[in-house]
Each structure stands twice: as C-alpha cells, then as structure tokens.
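Text of final08.txt (compact mmCIF, C-alpha atoms and all ligand atoms) as supplied:
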```
# COMPACT_ATOMS: atom_id res chain seq x y z
CA MET A 105 10.10 25.03 -8.11
CA LYS A 106 7.78 23.40 -5.59
CA ILE A 107 8.39 24.13 -1.90
CA SER A 108 9.06 20.44 -1.21
CA ASN A 109 11.82 20.46 -3.85
CA LYS A 110 13.37 23.59 -2.32
CA ILE A 111 13.37 21.92 1.11
CA LYS A 112 15.12 18.87 -0.37
CA LYS A 113 17.87 21.11 -1.71
CA ILE A 114 18.42 22.78 1.66
CA ILE A 115 17.99 19.85 4.06
CA PRO A 116 20.07 16.75 3.28
CA TYR A 117 18.46 13.33 3.44
CA LYS A 118 19.87 12.09 6.77
CA LEU A 119 19.07 15.31 8.63
CA GLY A 120 15.62 15.30 7.01
CA VAL A 121 14.89 11.83 8.40
CA LYS A 122 15.82 13.08 11.91
CA ILE A 123 13.70 16.22 11.66
CA ARG A 124 10.81 14.17 10.39
CA GLY A 125 11.12 11.83 13.39
CA GLY A 126 11.05 14.79 15.81
CA TRP A 127 8.07 16.29 14.05
CA GLN A 128 6.17 12.98 14.33
CA LYS A 129 6.80 12.86 18.08
CA LEU A 130 5.41 16.39 18.47
CA MET A 131 2.34 15.57 16.40
CA ALA A 132 1.63 12.48 18.50
CA VAL A 133 1.47 14.68 21.60
CA TYR A 134 -0.66 17.33 19.91
CA TYR A 135 -3.20 14.82 18.57
CA LYS A 136 -3.20 12.57 21.65
CA GLY A 137 -6.64 11.22 22.50
CA THR A 138 -8.73 8.08 22.79
CA LYS A 139 -10.92 7.87 19.68
CA TYR A 140 -8.47 6.30 17.22
CA THR A 141 -5.65 3.80 17.70
CA CYS A 142 -2.79 2.89 15.41
CA PRO A 143 -1.72 -0.77 15.58
CA TYR A 144 1.78 0.03 14.27
CA CYS A 145 2.94 2.64 16.81
CA LYS A 146 0.33 1.55 19.42
CA LYS A 147 -0.59 5.18 20.15
CA SER A 148 -4.09 6.66 20.43
CA PHE A 149 -5.37 9.96 19.08
CA ARG A 150 -8.36 12.30 19.12
CA LYS A 151 -8.13 12.48 15.34
CA MET A 152 -6.03 11.17 12.49
CA LEU A 153 -4.58 13.47 9.83
CA PRO A 154 -6.34 13.88 6.49
CA GLY A 155 -4.81 12.26 3.44
CA GLY A 156 -5.34 11.28 -0.19
CA PHE A 157 -6.27 13.17 -3.33
CA ASP A 158 -9.58 14.78 -4.11
CA PHE A 159 -10.51 14.56 -7.78
CA PRO A 160 -14.11 14.28 -9.05
CA VAL A 161 -13.49 10.94 -10.80
CA ILE A 162 -12.68 9.30 -7.44
CA LYS A 163 -16.13 10.14 -6.03
CA GLU A 164 -17.94 9.53 -9.28
CA LYS A 165 -16.47 6.03 -9.70
CA ASN A 166 -16.17 5.40 -5.96
CA ILE A 167 -12.53 4.36 -6.27
CA ILE A 168 -11.85 2.38 -3.11
CA GLY A 169 -8.36 2.86 -1.73
CA GLY A 170 -8.07 6.34 -3.25
CA GLY A 171 -9.62 9.72 -2.57
CA TYR A 172 -9.48 12.22 0.24
CA ARG A 173 -9.95 10.75 3.72
CA LYS A 174 -10.54 12.89 6.80
CA ASN A 175 -9.06 10.43 9.29
CA ASP A 176 -6.40 8.75 7.25
CA VAL A 177 -2.82 9.24 8.43
CA CYS A 178 -1.51 8.34 11.89
CA PRO A 179 0.11 11.48 13.37
CA ARG A 180 2.90 9.44 15.00
CA CYS A 181 4.03 6.87 12.41
CA PHE A 182 2.20 8.07 9.28
CA SER A 183 0.40 4.74 8.75
CA THR A 184 -2.65 5.17 6.50
CA ASP A 185 -6.09 3.56 6.71
CA ARG A 186 -4.90 1.04 4.12
CA ASP A 187 -1.84 0.14 6.17
CA ARG A 188 -3.90 -0.38 9.32
CA LEU A 189 -6.32 -2.66 7.48
CA ILE A 190 -3.35 -4.68 6.20
CA TYR A 191 -2.03 -4.98 9.76
CA TRP A 192 -5.28 -6.50 11.00
CA PHE A 193 -5.56 -8.76 8.00
CA LEU A 194 -2.03 -10.11 8.57
CA LYS A 195 -2.61 -10.43 12.31
CA ASN A 196 -6.04 -12.06 12.19
CA LYS A 197 -5.94 -14.08 8.98
CA THR A 198 -2.32 -15.20 8.46
CA ASP A 199 0.58 -16.72 10.41
CA ILE A 200 3.16 -14.27 9.02
CA PHE A 201 4.17 -13.24 12.57
CA GLU A 202 4.61 -16.83 13.73
CA LYS A 203 6.34 -19.06 11.18
CA LYS A 204 9.64 -18.76 9.34
CA TYR A 205 9.02 -17.00 6.04
CA LYS A 206 11.01 -15.40 3.27
CA VAL A 207 9.10 -12.24 2.41
CA LEU A 208 9.42 -9.85 -0.54
CA HIS A 209 7.87 -6.42 0.05
CA ILE A 210 7.63 -4.36 -3.13
CA ALA A 211 7.24 -0.54 -2.85
CA PRO A 212 7.15 -0.90 0.93
CA GLU A 213 4.74 0.97 3.14
CA GLY A 214 7.06 2.53 5.78
CA CYS A 215 5.21 1.34 8.87
CA LEU A 216 4.77 -2.19 7.54
CA LYS A 217 8.42 -2.36 6.48
CA ALA A 218 9.55 -1.41 9.99
CA LEU A 219 7.23 -4.00 11.51
CA LEU A 220 8.31 -6.85 9.21
CA LEU A 221 11.99 -5.95 9.66
CA SER A 222 11.56 -6.27 13.43
CA GLN A 223 10.17 -9.82 13.17
CA LYS A 224 12.82 -12.45 13.91
CA ASN A 225 10.90 -15.16 12.03
CA ILE A 226 10.94 -13.18 8.77
CA GLU A 227 13.74 -13.09 6.21
CA TYR A 228 12.90 -9.73 4.67
CA TYR A 229 13.65 -8.37 1.19
CA THR A 230 12.37 -5.10 -0.19
CA GLY A 231 12.64 -3.05 -3.37
CA ASP A 232 11.20 0.08 -4.90
CA LYS A 233 11.44 1.93 -8.19
CA PHE A 234 11.78 5.30 -6.38
CA THR A 235 9.65 7.03 -8.99
CA LYS A 236 9.49 10.81 -9.05
CA GLY A 237 6.62 12.78 -7.68
CA TYR A 238 6.35 11.42 -4.17
CA ASN A 239 6.89 13.77 -1.27
CA ALA A 240 7.92 10.97 1.07
CA TYR A 241 11.51 11.90 0.37
CA TYR A 242 12.63 11.70 3.98
CA TYR A 243 11.37 8.16 4.51
CA ASP A 244 13.94 5.76 5.89
CA ARG A 245 15.19 3.99 2.77
CA ASN A 246 17.57 1.55 4.47
CA ASP A 247 17.42 -1.98 3.05
CA VAL A 248 15.35 -0.94 0.04
CA ILE A 249 16.98 -1.92 -3.26
CA LEU A 250 16.11 -0.46 -6.64
CA MET A 251 13.60 -2.85 -8.18
CA ASP A 252 11.39 -2.96 -11.25
CA VAL A 253 8.36 -5.19 -10.68
CA THR A 254 8.30 -6.12 -14.38
CA ASN A 255 11.82 -7.54 -14.00
CA ILE A 256 12.22 -8.82 -10.43
CA PRO A 257 15.90 -9.62 -9.73
CA TYR A 258 15.30 -12.98 -8.01
CA LYS A 259 15.18 -16.63 -9.06
CA ASN A 260 12.00 -18.62 -9.68
CA ASN A 261 10.13 -19.98 -6.64
CA GLU A 262 12.05 -17.87 -4.14
CA PHE A 263 9.50 -16.32 -1.74
CA ASP A 264 6.88 -17.59 0.71
CA ILE A 265 5.03 -14.30 0.78
CA ILE A 266 5.01 -11.26 -1.51
CA ILE A 267 3.40 -7.97 -0.53
CA CYS A 268 2.94 -5.58 -3.45
CA ASN A 269 0.28 -2.98 -2.73
CA HIS A 270 -0.76 0.00 -4.83
CA VAL A 271 1.84 -0.73 -7.49
CA LEU A 272 0.00 -2.36 -10.40
CA GLU A 273 -2.08 0.75 -11.16
CA HIS A 274 1.21 2.53 -11.99
CA ILE A 275 2.52 -0.16 -14.35
CA ILE A 276 1.68 -0.03 -18.07
CA ASP A 277 2.47 -3.73 -18.51
CA ASP A 278 0.69 -5.05 -15.44
CA LYS A 279 0.50 -8.51 -17.05
CA LYS A 280 4.29 -8.68 -17.03
CA ALA A 281 4.38 -7.54 -13.39
CA LEU A 282 1.89 -10.24 -12.42
CA SER A 283 3.86 -12.89 -14.28
CA GLU A 284 7.01 -11.79 -12.45
CA ILE A 285 5.29 -11.98 -9.06
CA PHE A 286 3.97 -15.42 -10.03
CA ARG A 287 7.45 -16.53 -11.09
CA VAL A 288 9.33 -15.59 -7.91
CA LEU A 289 6.60 -16.89 -5.60
CA LYS A 290 6.99 -20.49 -4.35
CA PRO A 291 4.26 -22.97 -5.25
CA ASN A 292 1.51 -22.92 -2.56
CA ALA A 293 2.72 -19.49 -1.44
CA TRP A 294 0.66 -16.32 -1.41
CA ALA A 295 0.85 -12.64 -2.27
CA MET A 296 -1.15 -9.57 -1.30
CA LEU A 297 -1.92 -7.34 -4.30
CA GLN A 298 -3.97 -4.30 -3.29
CA VAL A 299 -4.96 -1.74 -5.94
CA PRO A 300 -7.39 1.18 -6.04
CA ILE A 301 -10.56 -0.32 -7.47
CA SER A 302 -13.97 0.83 -8.62
CA LEU A 303 -16.69 -1.75 -8.14
CA LYS A 304 -18.92 0.50 -10.25
CA LEU A 305 -16.87 -0.54 -13.27
CA ASP A 306 -17.43 -4.03 -14.67
CA LYS A 307 -14.33 -3.64 -16.80
CA THR A 308 -11.02 -1.99 -15.97
CA PHE A 309 -10.78 1.43 -17.58
CA GLN A 310 -7.55 2.08 -19.46
CA ASP A 311 -6.99 4.36 -22.40
CA ASP A 312 -3.39 4.52 -23.57
CA THR A 313 -3.89 7.97 -25.09
CA ILE A 314 -4.28 9.38 -21.55
CA ILE A 315 -0.66 10.18 -20.75
CA THR A 316 -0.28 13.63 -19.22
CA PRO A 317 -0.33 13.95 -15.40
CA LYS A 318 -3.32 16.33 -15.68
CA ASP A 319 -5.33 13.90 -17.78
CA ARG A 320 -4.43 11.00 -15.54
CA GLU A 321 -5.72 12.96 -12.55
CA LYS A 322 -8.90 13.70 -14.44
CA TYR A 323 -9.60 10.19 -15.73
CA TYR A 324 -7.86 7.92 -13.21
CA GLY A 325 -7.78 10.07 -10.05
CA GLN A 326 -4.00 10.30 -9.68
CA PHE A 327 -1.27 11.92 -11.75
CA ASP A 328 0.72 8.73 -12.22
CA HIS A 329 -1.95 6.04 -12.49
CA VAL A 330 -2.42 4.32 -15.83
CA ARG A 331 -5.86 2.73 -15.29
CA ILE A 332 -8.76 2.25 -12.91
CA TYR A 333 -9.28 -1.40 -12.06
CA GLY A 334 -12.85 -2.62 -12.11
CA LYS A 335 -14.67 -5.77 -11.07
CA ASP A 336 -12.59 -7.76 -13.56
CA TYR A 337 -9.47 -7.29 -11.41
CA LYS A 338 -10.09 -10.75 -9.91
CA GLN A 339 -10.24 -12.22 -13.41
CA LYS A 340 -6.96 -10.52 -14.35
CA LEU A 341 -5.29 -12.13 -11.36
CA GLU A 342 -6.74 -15.51 -12.34
CA GLU A 343 -5.50 -15.09 -15.91
CA ALA A 344 -1.99 -14.70 -14.46
CA GLY A 345 -2.39 -18.19 -12.99
CA PHE A 346 -3.37 -17.34 -9.42
CA LYS A 347 -6.20 -18.56 -7.25
CA VAL A 348 -7.83 -15.48 -5.73
CA GLU A 349 -9.28 -14.97 -2.28
CA ILE A 350 -11.06 -11.75 -1.32
CA PHE A 351 -11.45 -10.68 2.30
CA ASN A 352 -13.94 -8.04 3.36
CA PRO A 353 -13.12 -6.00 6.49
CA VAL A 354 -16.63 -6.24 7.94
CA LYS A 355 -17.31 -9.88 7.10
CA ASP A 356 -13.88 -11.45 7.32
CA ILE A 357 -11.27 -9.36 9.13
CA PHE A 358 -12.82 -7.53 12.10
CA THR A 359 -15.19 -9.06 14.61
CA SER A 360 -16.59 -5.75 15.84
CA GLU A 361 -17.70 -2.67 13.94
CA ASP A 362 -16.26 -0.55 16.74
CA ASP A 363 -12.79 -1.71 15.69
CA ILE A 364 -13.36 -0.45 12.15
CA ILE A 365 -13.90 3.02 13.64
CA LYS A 366 -11.18 2.69 16.28
CA TYR A 367 -8.49 1.78 13.74
CA ALA A 368 -9.92 4.20 11.14
CA VAL A 369 -10.05 1.74 8.24
CA ASN A 370 -12.30 1.74 5.18
CA PRO A 371 -14.98 -0.98 5.59
CA GLU A 372 -15.38 -1.14 1.80
CA GLU A 373 -11.74 -1.94 1.11
CA ASN A 374 -11.37 -5.65 0.32
CA ILE A 375 -8.05 -7.43 0.65
CA TYR A 376 -6.93 -9.35 -2.45
CA ILE A 377 -4.85 -12.43 -1.73
CA VAL A 378 -3.52 -14.58 -4.56
CA HIS A 379 -2.20 -18.12 -4.26
CA LYS A 380 0.22 -19.76 -6.65
CA PRO A 381 -1.03 -23.33 -7.19
ZN ZN A 401 0.93 4.98 14.09
```

Kindly present the structure from the file in structure tokens form.
Ligand SMILES: [Zn+2]
Amino acid sequence: MKISNKIKKIIPYKLGVKIRGGWQKLMAVYYKGTKYTCPYCKKSFRKMLPGGFDFPVIKEKNIIGGGYRKNDVCPRCFSTDRDRLIYWFLKNKTDIFEKKYKVLHIAPEGCLKALLLSQKNIEYYTGDKFTKGYNAYYYDRNDVILMDVTNIPYKNNEFDIIICNHVLEHIIDDKKALSEIFRVLKPNAWAMLQVPISLKLDKTFQDDTIITPKDREKYYGQFDHVRIYGKDYKQKLEEAGFKVEIFNPVKDIFTSEDDIIKYAVNPEENIYIVHKP
C-alpha cells in the first residue's frame, strides 16, 4: 500500500483538511520572499514548490501544460503555474469578476473554485468525477457534485461560462464531452478548455491499444491520459461547433515579461477559449 493510502486510512477527511491548512500556513512562512507572487492568496515567496511529472515523452514532444516544473506550486494555496495563468487571463481578458454570470466549473482547480465561490456576481456550479489516483484527497470538496462530463446533468443552454481544464485528455470519448459542453452552454457564451498539448504534433496522438498506466506514462506522459493533443486540437473544437480563440501569455495576456516571471507562469501555454455561436 502506498504511504498516501495509509495516511488516508489513519487521518479522516475533515481532520486531514485542517492539517493540510496548517501545513500550508507553515510553508508560506518558510518560503516567504519577494521573487514570486501568487494572485490567489496574494502572498510572495522566494521560490515556488516543484510540481508535475517527469517522463521522457513530455520533453521529447514538448507537452505544454505537463512535465516537471521547478517553480510550479504556490506554497500557501497550492495554485499551479496553470492556475495563475488562468487567473490573469480571466482578470485581464474577461468580465467574469464584474457581471452576473452562471458558471459551471468542471473538475475544479481548488484555488480557482475558492475565488469564484467568493464572487457575489457569480452563480457557481461545480462537479467532478473524483477519479482514483489523485493525491489531493484532503482538498475541500464542499459544493462539488459527482459529474461525468460526457453526461452533464443540466438542461440545454444553461450556463454563461464553462471552465473545464485538463479534463478532455482523460476522456476516451472527448467528442461526446465537447458536445455536452456545447449543449449546456448558452448561445453566445464561452468556455475555457485547457489541455496538455504538443505543438510538435500536427495530429493528436491516440492509440487505443495503450491502456495500462505504465504505457500511458510512456506514450502520453501521465498514467491516466488517453492521448496527446496536437496542433489539430483547434480543429477538434471547431468540429464540435465552436468558434475558437487562442490567447498567448506573452502577446495577449501579460503586458510585461517581468510579470511572467513574477507569477511563475509558462509563456508557451496558450489559453483556448471556445464560443458557442
Ligand atoms: Zn497562492
């Protein structure tokens, strides 16, 4: 049995959440500094914590949004580089913090969930499939319902905004998932659909004979991924009926390169926004 599983047996969920909170406070003090800043917890640090997986395929294919990162995780709130990029995209390029919106957040990032829940203008819904294999057991799971993205339990044309990041690469029938997101989104509304992507690949790589966790690590870079999206990801989104907009951190989201370092984000990681016509 893995150590993390043993800990889960000994420490019950609610106590675990408390211990985790205390641990985060200690880490924030230990890593306190000025080099990096987290926009979620508003604290600054001398370094961020490392994060991500390190498999050869990730380097070889330059899978953006995956791989081992030295300064990845905020010591205080555990936001990742991806989360911090999303924050600045939402802040600088959308009015999500200003207008009244009904938002669906699928497989919620903890820090973003807390932020959206705290916004009075947002009517917030969230769901997750709670798949096995994640060590984020002691995350606060309040408000999160059990949800399968290939069968979203809401009516047509229900949401103004959907945020569904790093989900599609886990879903065998990603076409069905995209059609479900399209269905529950209101006309003229938008969704954010981030995935790990290799711009070295013209075509998405998927081989349905690759099924063991070991093989998936070897070929896709993570034990539970079912493909590596390539340059045709945009086309896949268009085939689902969406209009696609791509935002680059350097060109479109940040005005200064210093901020890319300060917030420890990946300058290569584009944001994929889809619009339902
Ligand atoms: Zn933070």

Write out as a compact mmCIF listing (two decimals) with C-alpha atoms, in the frame of the given file which residues come within 12 Å of Glu213 (chain A) when counting all atoms listed in the file, dropping same-chain ones fewer than 6 positions away.
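Listed below is the output, selection.txt:
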```txt
# COMPACT_ATOMS: atom_id res chain seq x y z
CA TYR A 144 1.78 0.03 14.27
CA CYS A 181 4.03 6.87 12.41
CA PHE A 182 2.20 8.07 9.28
CA SER A 183 0.40 4.74 8.75
CA THR A 184 -2.65 5.17 6.50
CA ASP A 185 -6.09 3.56 6.71
CA ARG A 186 -4.90 1.04 4.12
CA ASP A 187 -1.84 0.14 6.17
CA ARG A 188 -3.90 -0.38 9.32
CA ILE A 190 -3.35 -4.68 6.20
CA TYR A 191 -2.03 -4.98 9.76
CA LEU A 219 7.23 -4.00 11.51
CA LEU A 220 8.31 -6.85 9.21
CA LEU A 221 11.99 -5.95 9.66
CA THR A 230 12.37 -5.10 -0.19
CA GLY A 231 12.64 -3.05 -3.37
CA ASP A 232 11.20 0.08 -4.90
CA ALA A 240 7.92 10.97 1.07
CA TYR A 243 11.37 8.16 4.51
CA ASP A 244 13.94 5.76 5.89
CA ARG A 245 15.19 3.99 2.77
CA VAL A 248 15.35 -0.94 0.04
CA ILE A 267 3.40 -7.97 -0.53
CA CYS A 268 2.94 -5.58 -3.45
CA ASN A 269 0.28 -2.98 -2.73
CA HIS A 270 -0.76 0.00 -4.83
CA VAL A 271 1.84 -0.73 -7.49
```

Would you list the residues that come within 12 Å of ligand ZN 401 (chain A)? Count only C-alpha atoms and all ligand atoms and give the answer as a PDB file with C-alpha atoms, in the frame of the given file.
```
ATOM      1  CA  GLN A 128       6.170  12.980  14.330  1.00  0.00           C
ATOM      2  CA  LYS A 129       6.800  12.860  18.080  1.00  0.00           C
ATOM      3  CA  MET A 131       2.340  15.570  16.400  1.00  0.00           C
ATOM      4  CA  ALA A 132       1.630  12.480  18.500  1.00  0.00           C
ATOM      5  CA  TYR A 135      -3.200  14.820  18.570  1.00  0.00           C
ATOM      6  CA  LYS A 136      -3.200  12.570  21.650  1.00  0.00           C
ATOM      7  CA  TYR A 140      -8.470   6.300  17.220  1.00  0.00           C
ATOM      8  CA  THR A 141      -5.650   3.800  17.700  1.00  0.00           C
ATOM      9  CA  CYS A 142      -2.790   2.890  15.410  1.00  0.00           C
ATOM     10  CA  PRO A 143      -1.720  -0.770  15.580  1.00  0.00           C
ATOM     11  CA  TYR A 144       1.780   0.030  14.270  1.00  0.00           C
ATOM     12  CA  CYS A 145       2.940   2.640  16.810  1.00  0.00           C
ATOM     13  CA  LYS A 146       0.330   1.550  19.420  1.00  0.00           C
ATOM     14  CA  LYS A 147      -0.590   5.180  20.150  1.00  0.00           C
ATOM     15  CA  SER A 148      -4.090   6.660  20.430  1.00  0.00           C
ATOM     16  CA  PHE A 149      -5.370   9.960  19.080  1.00  0.00           C
ATOM     17  CA  LYS A 151      -8.130  12.480  15.340  1.00  0.00           C
ATOM     18  CA  MET A 152      -6.030  11.170  12.490  1.00  0.00           C
ATOM     19  CA  LEU A 153      -4.580  13.470   9.830  1.00  0.00           C
ATOM     20  CA  ASP A 176      -6.400   8.750   7.250  1.00  0.00           C
ATOM     21  CA  VAL A 177      -2.820   9.240   8.430  1.00  0.00           C
ATOM     22  CA  CYS A 178      -1.510   8.340  11.890  1.00  0.00           C
ATOM     23  CA  PRO A 179       0.110  11.480  13.370  1.00  0.00           C
ATOM     24  CA  ARG A 180       2.900   9.440  15.000  1.00  0.00           C
ATOM     25  CA  CYS A 181       4.030   6.870  12.410  1.00  0.00           C
ATOM     26  CA  PHE A 182       2.200   8.070   9.280  1.00  0.00           C
ATOM     27  CA  SER A 183       0.400   4.740   8.750  1.00  0.00           C
ATOM     28  CA  THR A 184      -2.650   5.170   6.500  1.00  0.00           C
ATOM     29  CA  ASP A 185      -6.090   3.560   6.710  1.00  0.00           C
ATOM     30  CA  ASP A 187      -1.840   0.140   6.170  1.00  0.00           C
ATOM     31  CA  ARG A 188      -3.900  -0.380   9.320  1.00  0.00           C
ATOM     32  CA  TYR A 191      -2.030  -4.980   9.760  1.00  0.00           C
ATOM     33  CA  GLY A 214       7.060   2.530   5.780  1.00  0.00           C
ATOM     34  CA  CYS A 215       5.210   1.340   8.870  1.00  0.00           C
ATOM     35  CA  LEU A 216       4.770  -2.190   7.540  1.00  0.00           C
ATOM     36  CA  ALA A 218       9.550  -1.410   9.990  1.00  0.00           C
ATOM     37  CA  LEU A 219       7.230  -4.000  11.510  1.00  0.00           C
ATOM     38  CA  TYR A 367      -8.490   1.780  13.740  1.00  0.00           C
ATOM     39  CA  ALA A 368      -9.920   4.200  11.140  1.00  0.00           C
TER      40      ALA A 368
END
```

With all atoms listed in the file as the atoms that count, which of A:Pro300, A:His379, A:Ile357, A:Thr308 lies nearest to Ile168 (chain A)?
A:Pro300

Just the number, please: distance in Å from CA of Trp192 (chain A) to CA of Asn225 (chain A), one decimal.
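The value is 18.4 Å.
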
Could you give me, as a list of chain:residue names, the residues within 6 Å of region 284-295 of chain A, counting all atoms listed in the file and dropping anything in the same chain fewer than 2 positions from it?
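So, after excluding close chain neighbours, the residues are A:Asn260, A:Asn261, A:Glu262, A:Phe263, A:Asp264, A:Ile265, A:Ile266, A:Ile267, A:Ala281, A:Leu282, A:Ile377, A:Val378, A:His379, A:Lys380, A:Pro381.
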
So how far away is CA of Arg331 (chain A) from CA of Ile315 (chain A), in Å?
10.6 Å

Would you kindly identify which residues have an atom no farther than 6 Å from (-5.7, 12.0, 0.9), using only C-alpha atoms and the file's own coordinates, and write them out as an MDAnalysis selection string?
chainID A and resid 154:157 171:173

Residues as selected, C-alpha atoms, written as a PDB file, keeping the file's coordinate frame, can you do that?
```
ATOM      1  CA  PRO A 154      -6.340  13.880   6.490  1.00  0.00           C
ATOM      2  CA  GLY A 155      -4.810  12.260   3.440  1.00  0.00           C
ATOM      3  CA  GLY A 156      -5.340  11.280  -0.190  1.00  0.00           C
ATOM      4  CA  PHE A 157      -6.270  13.170  -3.330  1.00  0.00           C
ATOM      5  CA  GLY A 171      -9.620   9.720  -2.570  1.00  0.00           C
ATOM      6  CA  TYR A 172      -9.480  12.220   0.240  1.00  0.00           C
ATOM      7  CA  ARG A 173      -9.950  10.750   3.720  1.00  0.00           C
TER       8      ARG A 173
END
```

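Relative to CA of Tyr323 (chain A), CA of Lys174 (chain A) is found at 22.7 Å.
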
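Candidate residues A:Arg320, A:Lys118, A:Lys197, A:Lys139 were compared for distance to Phe159 (chain A), and the nearest is A:Arg320, using all atoms listed in the file.
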
Just the residues within 8 Å of Ile226 (chain A), please, counting all atoms listed in the file, with nothing from its chain fewer than 4 positions along; format it as a list in words.
Ile200, Phe201, Lys203, Lys204, Tyr205, Lys206, Val207, Leu220 and Leu221 of chain A

Nearest residue to Ile162 (chain A) out of A:Lys122, A:Arg150, A:Lys280, A:Lys322, using all atoms listed in the file?
A:Lys322

Pick from A:Val348, A:Ile275, A:Val299, A:Leu250 nearest to Ile210 (chain A), counting all atoms listed in the file:
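Using all atoms listed in the file, the shortest distance to Ile210 (chain A) belongs to A:Leu250.
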
Which neighbours of Lys304 (chain A) fall inside 8 Å, counting only C-alpha atoms, when residues of the same chain fewer than 3 positions from it are skipped, and could you give them as a tab-separated table (two decimals) with C-alpha atoms, in the frame of the given file?
```
chain	number	residue	atom	x	y	z
A	165	LYS	CA	-16.47	6.03	-9.70
A	166	ASN	CA	-16.17	5.40	-5.96
A	334	GLY	CA	-12.85	-2.62	-12.11
A	335	LYS	CA	-14.67	-5.77	-11.07
```

Using the incomplete input, complete region 315-331 of chain A to the level of N, CA and C atoms; output as a PDB file, in the frame of the given file.
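And here's rebuild_6.pdb as it stands now:
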```pdb
ATOM      1  N   ILE A 315      -2.059  10.296 -21.210  1.00  0.00           N
ATOM      2  CA  ILE A 315      -0.660  10.180 -20.750  1.00  0.00           C
ATOM      3  C   ILE A 315      -0.162  11.354 -19.918  1.00  0.00           C
ATOM      4  N   THR A 316      -0.819  12.505 -19.997  1.00  0.00           N
ATOM      5  CA  THR A 316      -0.280  13.630 -19.220  1.00  0.00           C
ATOM      6  C   THR A 316      -0.751  13.497 -17.759  1.00  0.00           C
ATOM      7  N   PRO A 317       0.070  14.013 -16.815  1.00  0.00           N
ATOM      8  CA  PRO A 317      -0.330  13.950 -15.400  1.00  0.00           C
ATOM      9  C   PRO A 317      -1.709  14.567 -15.162  1.00  0.00           C
ATOM     10  N   LYS A 318      -2.031  15.656 -15.854  1.00  0.00           N
ATOM     11  CA  LYS A 318      -3.320  16.330 -15.680  1.00  0.00           C
ATOM     12  C   LYS A 318      -4.475  15.430 -16.124  1.00  0.00           C
ATOM     13  N   ASP A 319      -4.285  14.798 -17.284  1.00  0.00           N
ATOM     14  CA  ASP A 319      -5.330  13.900 -17.780  1.00  0.00           C
ATOM     15  C   ASP A 319      -5.478  12.662 -16.896  1.00  0.00           C
ATOM     16  N   ARG A 320      -4.351  12.183 -16.410  1.00  0.00           N
ATOM     17  CA  ARG A 320      -4.430  11.000 -15.540  1.00  0.00           C
ATOM     18  C   ARG A 320      -5.170  11.322 -14.237  1.00  0.00           C
ATOM     19  N   GLU A 321      -4.954  12.531 -13.722  1.00  0.00           N
ATOM     20  CA  GLU A 321      -5.720  12.960 -12.550  1.00  0.00           C
ATOM     21  C   GLU A 321      -7.210  12.995 -12.878  1.00  0.00           C
ATOM     22  N   LYS A 322      -7.503  13.533 -14.038  1.00  0.00           N
ATOM     23  CA  LYS A 322      -8.900  13.700 -14.440  1.00  0.00           C
ATOM     24  C   LYS A 322      -9.602  12.352 -14.649  1.00  0.00           C
ATOM     25  N   TYR A 323      -8.928  11.440 -15.352  1.00  0.00           N
ATOM     26  CA  TYR A 323      -9.600  10.190 -15.730  1.00  0.00           C
ATOM     27  C   TYR A 323      -9.348   9.038 -14.764  1.00  0.00           C
ATOM     28  N   TYR A 324      -8.194   9.046 -14.088  1.00  0.00           N
ATOM     29  CA  TYR A 324      -7.860   7.920 -13.210  1.00  0.00           C
ATOM     30  C   TYR A 324      -7.829   8.317 -11.725  1.00  0.00           C
ATOM     31  N   GLY A 325      -7.775   9.630 -11.439  1.00  0.00           N
ATOM     32  CA  GLY A 325      -7.780  10.070 -10.050  1.00  0.00           C
ATOM     33  C   GLY A 325      -6.406  10.254  -9.430  1.00  0.00           C
ATOM     34  N   GLN A 326      -5.346  10.005 -10.189  1.00  0.00           N
ATOM     35  CA  GLN A 326      -4.000  10.300  -9.680  1.00  0.00           C
ATOM     36  C   GLN A 326      -3.049  10.527 -10.861  1.00  0.00           C
ATOM     37  N   PHE A 327      -2.105  11.462 -10.646  1.00  0.00           N
ATOM     38  CA  PHE A 327      -1.270  11.920 -11.750  1.00  0.00           C
ATOM     39  C   PHE A 327      -0.418  10.838 -12.416  1.00  0.00           C
ATOM     40  N   ASP A 328      -0.164   9.759 -11.672  1.00  0.00           N
ATOM     41  CA  ASP A 328       0.720   8.730 -12.220  1.00  0.00           C
ATOM     42  C   ASP A 328       0.057   7.348 -12.315  1.00  0.00           C
ATOM     43  N   HIS A 329      -1.268   7.311 -12.261  1.00  0.00           N
ATOM     44  CA  HIS A 329      -1.950   6.040 -12.490  1.00  0.00           C
ATOM     45  C   HIS A 329      -2.163   5.842 -13.988  1.00  0.00           C
ATOM     46  N   VAL A 330      -2.220   4.583 -14.403  1.00  0.00           N
ATOM     47  CA  VAL A 330      -2.420   4.320 -15.830  1.00  0.00           C
ATOM     48  C   VAL A 330      -3.734   3.589 -16.123  1.00  0.00           C
ATOM     49  N   ARG A 331      -4.532   3.341 -15.097  1.00  0.00           N
ATOM     50  CA  ARG A 331      -5.860   2.730 -15.290  1.00  0.00           C
ATOM     51  C   ARG A 331      -6.656   2.810 -13.997  1.00  0.00           C
TER      52      ARG A 331
END
```
